[in-house]
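A.B. asks: So that we are looking at the same thing, I have put the structure below in structure tokens.
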Amino acid sequence: MAKSVCIDSKVASRSGLIVLLRHGQTAWSLSGQHTGRTDIPLTVEGERQSVAAGKRLRTVFADRTPEYVFSSPLKRARQTALFAGLHTTQLLGDLMEWDYGPAEGRTRADIRNANGKEWNLWQQGTEGINRGLLGEWETTLPSGERVIVRNGEGETLRQVARRAQGVVDAVEPLVADGQMVVLVAHAHILRILTTCWLGLDPCAARLFRMDTAHFSTLSQYKGDNVIQVWNQ
């Protein structure tokens with residue numbers, strides 16, 4: 001969880017906001033394989049995307065520097081923060097991606113074949129996957145790196161939402177006090193976190209598209225938590 005912080009009175013009069021930055025391209029984001037806890041790196045293109053995202057952030061927020069930057073501890077998020085120029089990053093375990101369990105490392109078509117019918121993460125969840133896919137296996141990334149894929153039970157959508165709500169609870173006071181907080185993480189956890197910010201059912205996260213190395217901002221307006229911009 002986020003550490004206890006002291007509020008700097010010099011920024012108290014500024015408008016607070018949360019910047020959500022999805023990590024850059026990986027081999028599996030390109031192939032459509034579910035990438036939860038498998039710790040794979042960015043591709044060369046993902047590194048380039050992250051550098052470009054950092055430039056966009058510095059252009060859009062040219063008049064300010066984030067007071068806090070939190071990242072998922074997974075390699076693809078940490079690398080994105082580094083290539084984007086976000087060097088004062090604190091790791092936050094609750095920003096890790098959805099644990100996809102039996103879906104990890106597999107495409108939607110793979111799961112459809114294993115189930116014998118269509119499957120949708122938002123509708124059936126990880127609990128709706130053939131348990132014959134549980135286990136552990138090794139695969140090789142296009143770069144030649146070998147990784148171990150672990151298919152456990154996974155998380156339900158509600159469990160992920162509880163983690164995301166914990167992050168919101170930690171950073172909302174910072175936003176209310178005019179601070180800029182950057183969260184570098186993964187598509188599903190950031191989309192679900194957005195529903196927590198807005199007070200929506202977490203299943204509504206399926207409606208918020210978030211591309212690799214794109215950012216969105218959340219803020220407060222006339223007493224409401226709102227989306228300021230999305231998927232830039």
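All residue names refer to the structure tokens as shown: chains lettered A, B, ... in order, residues numbered from 1 in each chain, ligands numbered from 1 in order.
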Report as CSV: every residue of segment 106-188 of chain A with an atom at most 12 Å from segment 15-26 of chain A, its closest pair of atoms, and their distance in Å to one decimal, counting only C-alpha atoms, with rows sorted by chain and ascending residue number.

C.D. replies:
residue,atom,partner,partner_atom,distance
A:Leu141,CA,A:Thr26,CA,9.7
A:Pro142,CA,A:Thr26,CA,10.2
A:Ser143,CA,A:Thr26,CA,10.6
A:Val167,CA,A:Ile18,CA,11.2
A:Val168,CA,A:Ile18,CA,9.7
A:Ala170,CA,A:Ile18,CA,11.8
A:Val171,CA,A:Ile18,CA,8.2
A:Glu172,CA,A:Ile18,CA,8.7
A:Pro173,CA,A:Gly16,CA,9.4
A:Leu174,CA,A:Gly16,CA,7.2
A:Val175,CA,A:Gly16,CA,4.2
A:Ala176,CA,A:Gly16,CA,6.1
A:Asp177,CA,A:Gly16,CA,6.5
A:Gly178,CA,A:Gly16,CA,3.7
A:Gln179,CA,A:Gly16,CA,4.5
A:Met180,CA,A:Leu17,CA,5.0
A:Val181,CA,A:Ile18,CA,4.8
A:Val182,CA,A:Val19,CA,4.6
A:Leu183,CA,A:Leu20,CA,5.0
A:Val184,CA,A:Leu21,CA,4.7
A:Ala185,CA,A:Arg22,CA,5.2
A:His186,CA,A:Arg22,CA,5.1
A:Ala187,CA,A:Arg22,CA,5.9
A:His188,CA,A:Arg22,CA,9.4

A.B. asks: Could the residues in this selection be written to a file with N, CA, C and O atoms, as a short mmCIF file (atom, residue, chain, number, x, y, z; two decimals), in the first residue's frame?

C.D. replies:
data_model
loop_
_atom_site.label_atom_id
_atom_site.label_comp_id
_atom_site.auth_asym_id
_atom_site.auth_seq_id
_atom_site.Cartn_x
_atom_site.Cartn_y
_atom_site.Cartn_z
N LEU A 141 9.66 -16.34 -25.52
CA LEU A 141 9.23 -15.10 -26.13
C LEU A 141 9.92 -14.93 -27.49
O LEU A 141 10.96 -15.55 -27.74
N PRO A 142 9.40 -14.08 -28.37
CA PRO A 142 10.06 -13.86 -29.67
C PRO A 142 11.52 -13.41 -29.54
O PRO A 142 12.33 -13.66 -30.43
N SER A 143 11.86 -12.78 -28.41
CA SER A 143 13.23 -12.33 -28.18
C SER A 143 14.18 -13.47 -27.86
O SER A 143 15.40 -13.30 -27.83
N VAL A 167 -6.11 1.55 -3.70
CA VAL A 167 -5.25 2.58 -4.30
C VAL A 167 -5.97 3.92 -4.35
O VAL A 167 -5.41 4.96 -4.01
N VAL A 168 -7.23 3.89 -4.76
CA VAL A 168 -8.03 5.13 -4.80
C VAL A 168 -8.11 5.76 -3.42
O VAL A 168 -7.93 6.98 -3.26
N ALA A 170 -6.02 5.59 -1.10
CA ALA A 170 -4.72 6.13 -0.71
C ALA A 170 -4.39 7.44 -1.41
O ALA A 170 -3.77 8.32 -0.81
N VAL A 171 -4.79 7.56 -2.68
CA VAL A 171 -4.37 8.74 -3.44
C VAL A 171 -5.42 9.84 -3.50
O VAL A 171 -5.08 11.00 -3.80
N GLU A 172 -6.67 9.53 -3.21
CA GLU A 172 -7.72 10.55 -3.29
C GLU A 172 -7.43 11.76 -2.39
O GLU A 172 -7.63 12.91 -2.82
N PRO A 173 -6.94 11.58 -1.16
CA PRO A 173 -6.61 12.76 -0.35
C PRO A 173 -5.51 13.62 -0.97
O PRO A 173 -5.51 14.85 -0.80
N LEU A 174 -4.59 13.00 -1.70
CA LEU A 174 -3.54 13.77 -2.36
C LEU A 174 -4.13 14.64 -3.46
O LEU A 174 -3.76 15.80 -3.62
N VAL A 175 -5.04 14.06 -4.22
CA VAL A 175 -5.70 14.82 -5.29
C VAL A 175 -6.50 15.97 -4.70
O VAL A 175 -6.46 17.10 -5.20
N ALA A 176 -7.22 15.71 -3.61
CA ALA A 176 -8.02 16.75 -2.97
C ALA A 176 -7.14 17.90 -2.48
O ALA A 176 -7.61 19.05 -2.38
N ASP A 177 -5.88 17.61 -2.20
CA ASP A 177 -4.95 18.64 -1.73
C ASP A 177 -4.09 19.23 -2.85
O ASP A 177 -3.07 19.85 -2.59
N GLY A 178 -4.52 19.00 -4.11
CA GLY A 178 -3.88 19.69 -5.22
C GLY A 178 -2.65 19.03 -5.78
O GLY A 178 -1.90 19.66 -6.55
N GLN A 179 -2.42 17.77 -5.48
CA GLN A 179 -1.20 17.13 -5.94
C GLN A 179 -1.43 16.29 -7.20
O GLN A 179 -2.54 15.85 -7.48
N MET A 180 -0.36 16.12 -7.94
CA MET A 180 -0.37 15.32 -9.16
C MET A 180 0.23 13.96 -8.85
O MET A 180 1.37 13.85 -8.41
N VAL A 181 -0.55 12.92 -9.11
CA VAL A 181 -0.13 11.54 -8.84
C VAL A 181 -0.13 10.77 -10.15
O VAL A 181 -1.11 10.80 -10.89
N VAL A 182 0.96 10.10 -10.45
CA VAL A 182 1.05 9.27 -11.65
C VAL A 182 1.05 7.80 -11.24
O VAL A 182 1.81 7.40 -10.35
N LEU A 183 0.19 7.01 -11.87
CA LEU A 183 0.12 5.57 -11.64
C LEU A 183 0.51 4.86 -12.93
O LEU A 183 -0.17 5.00 -13.95
N VAL A 184 1.60 4.11 -12.90
CA VAL A 184 2.08 3.39 -14.07
C VAL A 184 1.76 1.91 -13.87
O VAL A 184 2.29 1.27 -12.95
N ALA A 185 0.89 1.38 -14.71
CA ALA A 185 0.45 0.01 -14.46
C ALA A 185 -0.08 -0.61 -15.75
O ALA A 185 0.50 -0.42 -16.82
N HIS A 186 -1.19 -1.32 -15.65
CA HIS A 186 -1.67 -2.21 -16.69
C HIS A 186 -3.12 -1.88 -17.06
O HIS A 186 -3.84 -1.28 -16.27
N ALA A 187 -3.52 -2.32 -18.23
CA ALA A 187 -4.82 -1.89 -18.77
C ALA A 187 -5.99 -2.24 -17.85
O ALA A 187 -6.80 -1.37 -17.52
N HIS A 188 -6.11 -3.51 -17.44
CA HIS A 188 -7.30 -3.89 -16.69
C HIS A 188 -7.34 -3.25 -15.30
O HIS A 188 -8.38 -2.73 -14.89
#

A.B. asks: Within 12 Å of Arg48 of chain A, counting only C-alpha atoms, which residues show up once you throw out same-chain ones fewer than 4 positions away? Write them as an NGL selection string, please.

C.D. replies: :A and (23-26 or 42-44 or 52-55 or 79-80 or 82-84 or 212-213)

A.B. asks: Could you pull out the strand (DSSP E or B) residues of segment 26-171 of chain A from DSSP and send them as an mmCIF file with N, CA and C atoms, in the first residue's frame?

C.D. replies:
data_model
loop_
_atom_site.group_PDB
_atom_site.id
_atom_site.type_symbol
_atom_site.label_atom_id
_atom_site.label_comp_id
_atom_site.auth_asym_id
_atom_site.auth_seq_id
_atom_site.Cartn_x
_atom_site.Cartn_y
_atom_site.Cartn_z
ATOM 1 N N THR A 26 4.276 -5.207 -25.152
ATOM 2 C CA THR A 26 5.026 -6.424 -24.857
ATOM 3 C C THR A 26 4.718 -7.430 -25.954
ATOM 4 N N HIS A 34 -3.201 -13.221 -22.565
ATOM 5 C CA HIS A 34 -3.478 -12.583 -21.279
ATOM 6 C C HIS A 34 -2.179 -12.501 -20.467
ATOM 7 N N LEU A 42 9.214 -5.166 -21.874
ATOM 8 C CA LEU A 42 8.769 -4.447 -23.060
ATOM 9 C C LEU A 42 9.514 -4.953 -24.290
ATOM 10 N N TYR A 68 3.987 12.600 -6.826
ATOM 11 C CA TYR A 68 4.082 11.177 -6.521
ATOM 12 C C TYR A 68 3.961 10.362 -7.797
ATOM 13 N N VAL A 69 4.825 9.362 -7.928
ATOM 14 C CA VAL A 69 4.741 8.401 -9.020
ATOM 15 C C VAL A 69 4.762 7.003 -8.406
ATOM 16 N N PHE A 70 3.707 6.247 -8.653
ATOM 17 C CA PHE A 70 3.612 4.876 -8.165
ATOM 18 C C PHE A 70 3.565 3.945 -9.366
ATOM 19 N N SER A 71 4.264 2.821 -9.277
ATOM 20 C CA SER A 71 4.286 1.853 -10.369
ATOM 21 C C SER A 71 3.975 0.457 -9.857
ATOM 22 N N THR A 89 10.059 6.769 -8.710
ATOM 23 C CA THR A 89 8.917 5.865 -8.657
ATOM 24 C C THR A 89 8.932 5.013 -7.393
ATOM 25 N N GLN A 90 7.758 4.922 -6.740
ATOM 26 C CA GLN A 90 7.564 3.990 -5.626
ATOM 27 C C GLN A 90 6.743 2.808 -6.134
ATOM 28 N N LEU A 91 7.146 1.589 -5.773
ATOM 29 C CA LEU A 91 6.432 0.403 -6.222
ATOM 30 C C LEU A 91 5.231 0.145 -5.328
ATOM 31 N N GLU A 104 -3.842 -17.065 -17.983
ATOM 32 C CA GLU A 104 -2.505 -16.480 -18.110
ATOM 33 C C GLU A 104 -1.731 -17.105 -19.275
ATOM 34 N N GLY A 135 -1.987 -25.181 -13.867
ATOM 35 C CA GLY A 135 -0.680 -25.834 -13.913
ATOM 36 C C GLY A 135 0.431 -24.844 -14.181
ATOM 37 N N GLU A 136 1.548 -25.344 -14.663
ATOM 38 C CA GLU A 136 2.726 -24.529 -14.908
ATOM 39 C C GLU A 136 3.401 -25.018 -16.178
ATOM 40 N N TRP A 137 3.856 -24.085 -17.000
ATOM 41 C CA TRP A 137 4.530 -24.453 -18.243
ATOM 42 C C TRP A 137 5.546 -23.383 -18.631
ATOM 43 N N GLU A 138 6.428 -23.741 -19.534
ATOM 44 C CA GLU A 138 7.486 -22.827 -19.972
ATOM 45 C C GLU A 138 7.271 -22.482 -21.437
ATOM 46 N N THR A 139 7.547 -21.241 -21.790
ATOM 47 C CA THR A 139 7.413 -20.809 -23.176
ATOM 48 C C THR A 139 8.552 -19.857 -23.517
ATOM 49 N N THR A 140 8.736 -19.617 -24.804
ATOM 50 C CA THR A 140 9.807 -18.751 -25.276
ATOM 51 C C THR A 140 9.211 -17.525 -25.946
ATOM 52 N N ARG A 146 13.143 -17.164 -22.193
ATOM 53 C CA ARG A 146 12.216 -18.191 -21.742
ATOM 54 C C ARG A 146 11.572 -17.755 -20.432
ATOM 55 N N VAL A 147 10.281 -17.974 -20.309
ATOM 56 C CA VAL A 147 9.552 -17.581 -19.104
ATOM 57 C C VAL A 147 8.692 -18.742 -18.616
ATOM 58 N N ILE A 148 8.474 -18.775 -17.315
ATOM 59 C CA ILE A 148 7.592 -19.750 -16.700
ATOM 60 C C ILE A 148 6.209 -19.112 -16.542
ATOM 61 N N VAL A 149 5.179 -19.804 -17.008
ATOM 62 C CA VAL A 149 3.803 -19.339 -16.879
ATOM 63 C C VAL A 149 3.113 -20.189 -15.823
ATOM 64 N N ARG A 150 2.542 -19.513 -14.830
ATOM 65 C CA ARG A 150 1.870 -20.221 -13.743
ATOM 66 C C ARG A 150 0.373 -19.944 -13.815
ATOM 67 N N ASN A 151 -0.395 -21.006 -14.006
ATOM 68 C CA ASN A 151 -1.851 -20.895 -14.100
ATOM 69 C C ASN A 151 -2.486 -21.381 -12.803
#

A.B. asks: Residues of segment 10-213 of chain A in alpha helix (DSSP H) according to DSSP, as a count of residues only?

C.D. replies: 75

A.B. asks: When distances are computed from only C-alpha atoms, which of A:Gly223, A:Thr59, A:Gln33, A:Ala77 shows the smallest separation from Arg106 of chain A?

C.D. replies: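 Smallest separation from Arg106 of chain A among the options: A:Gln33.
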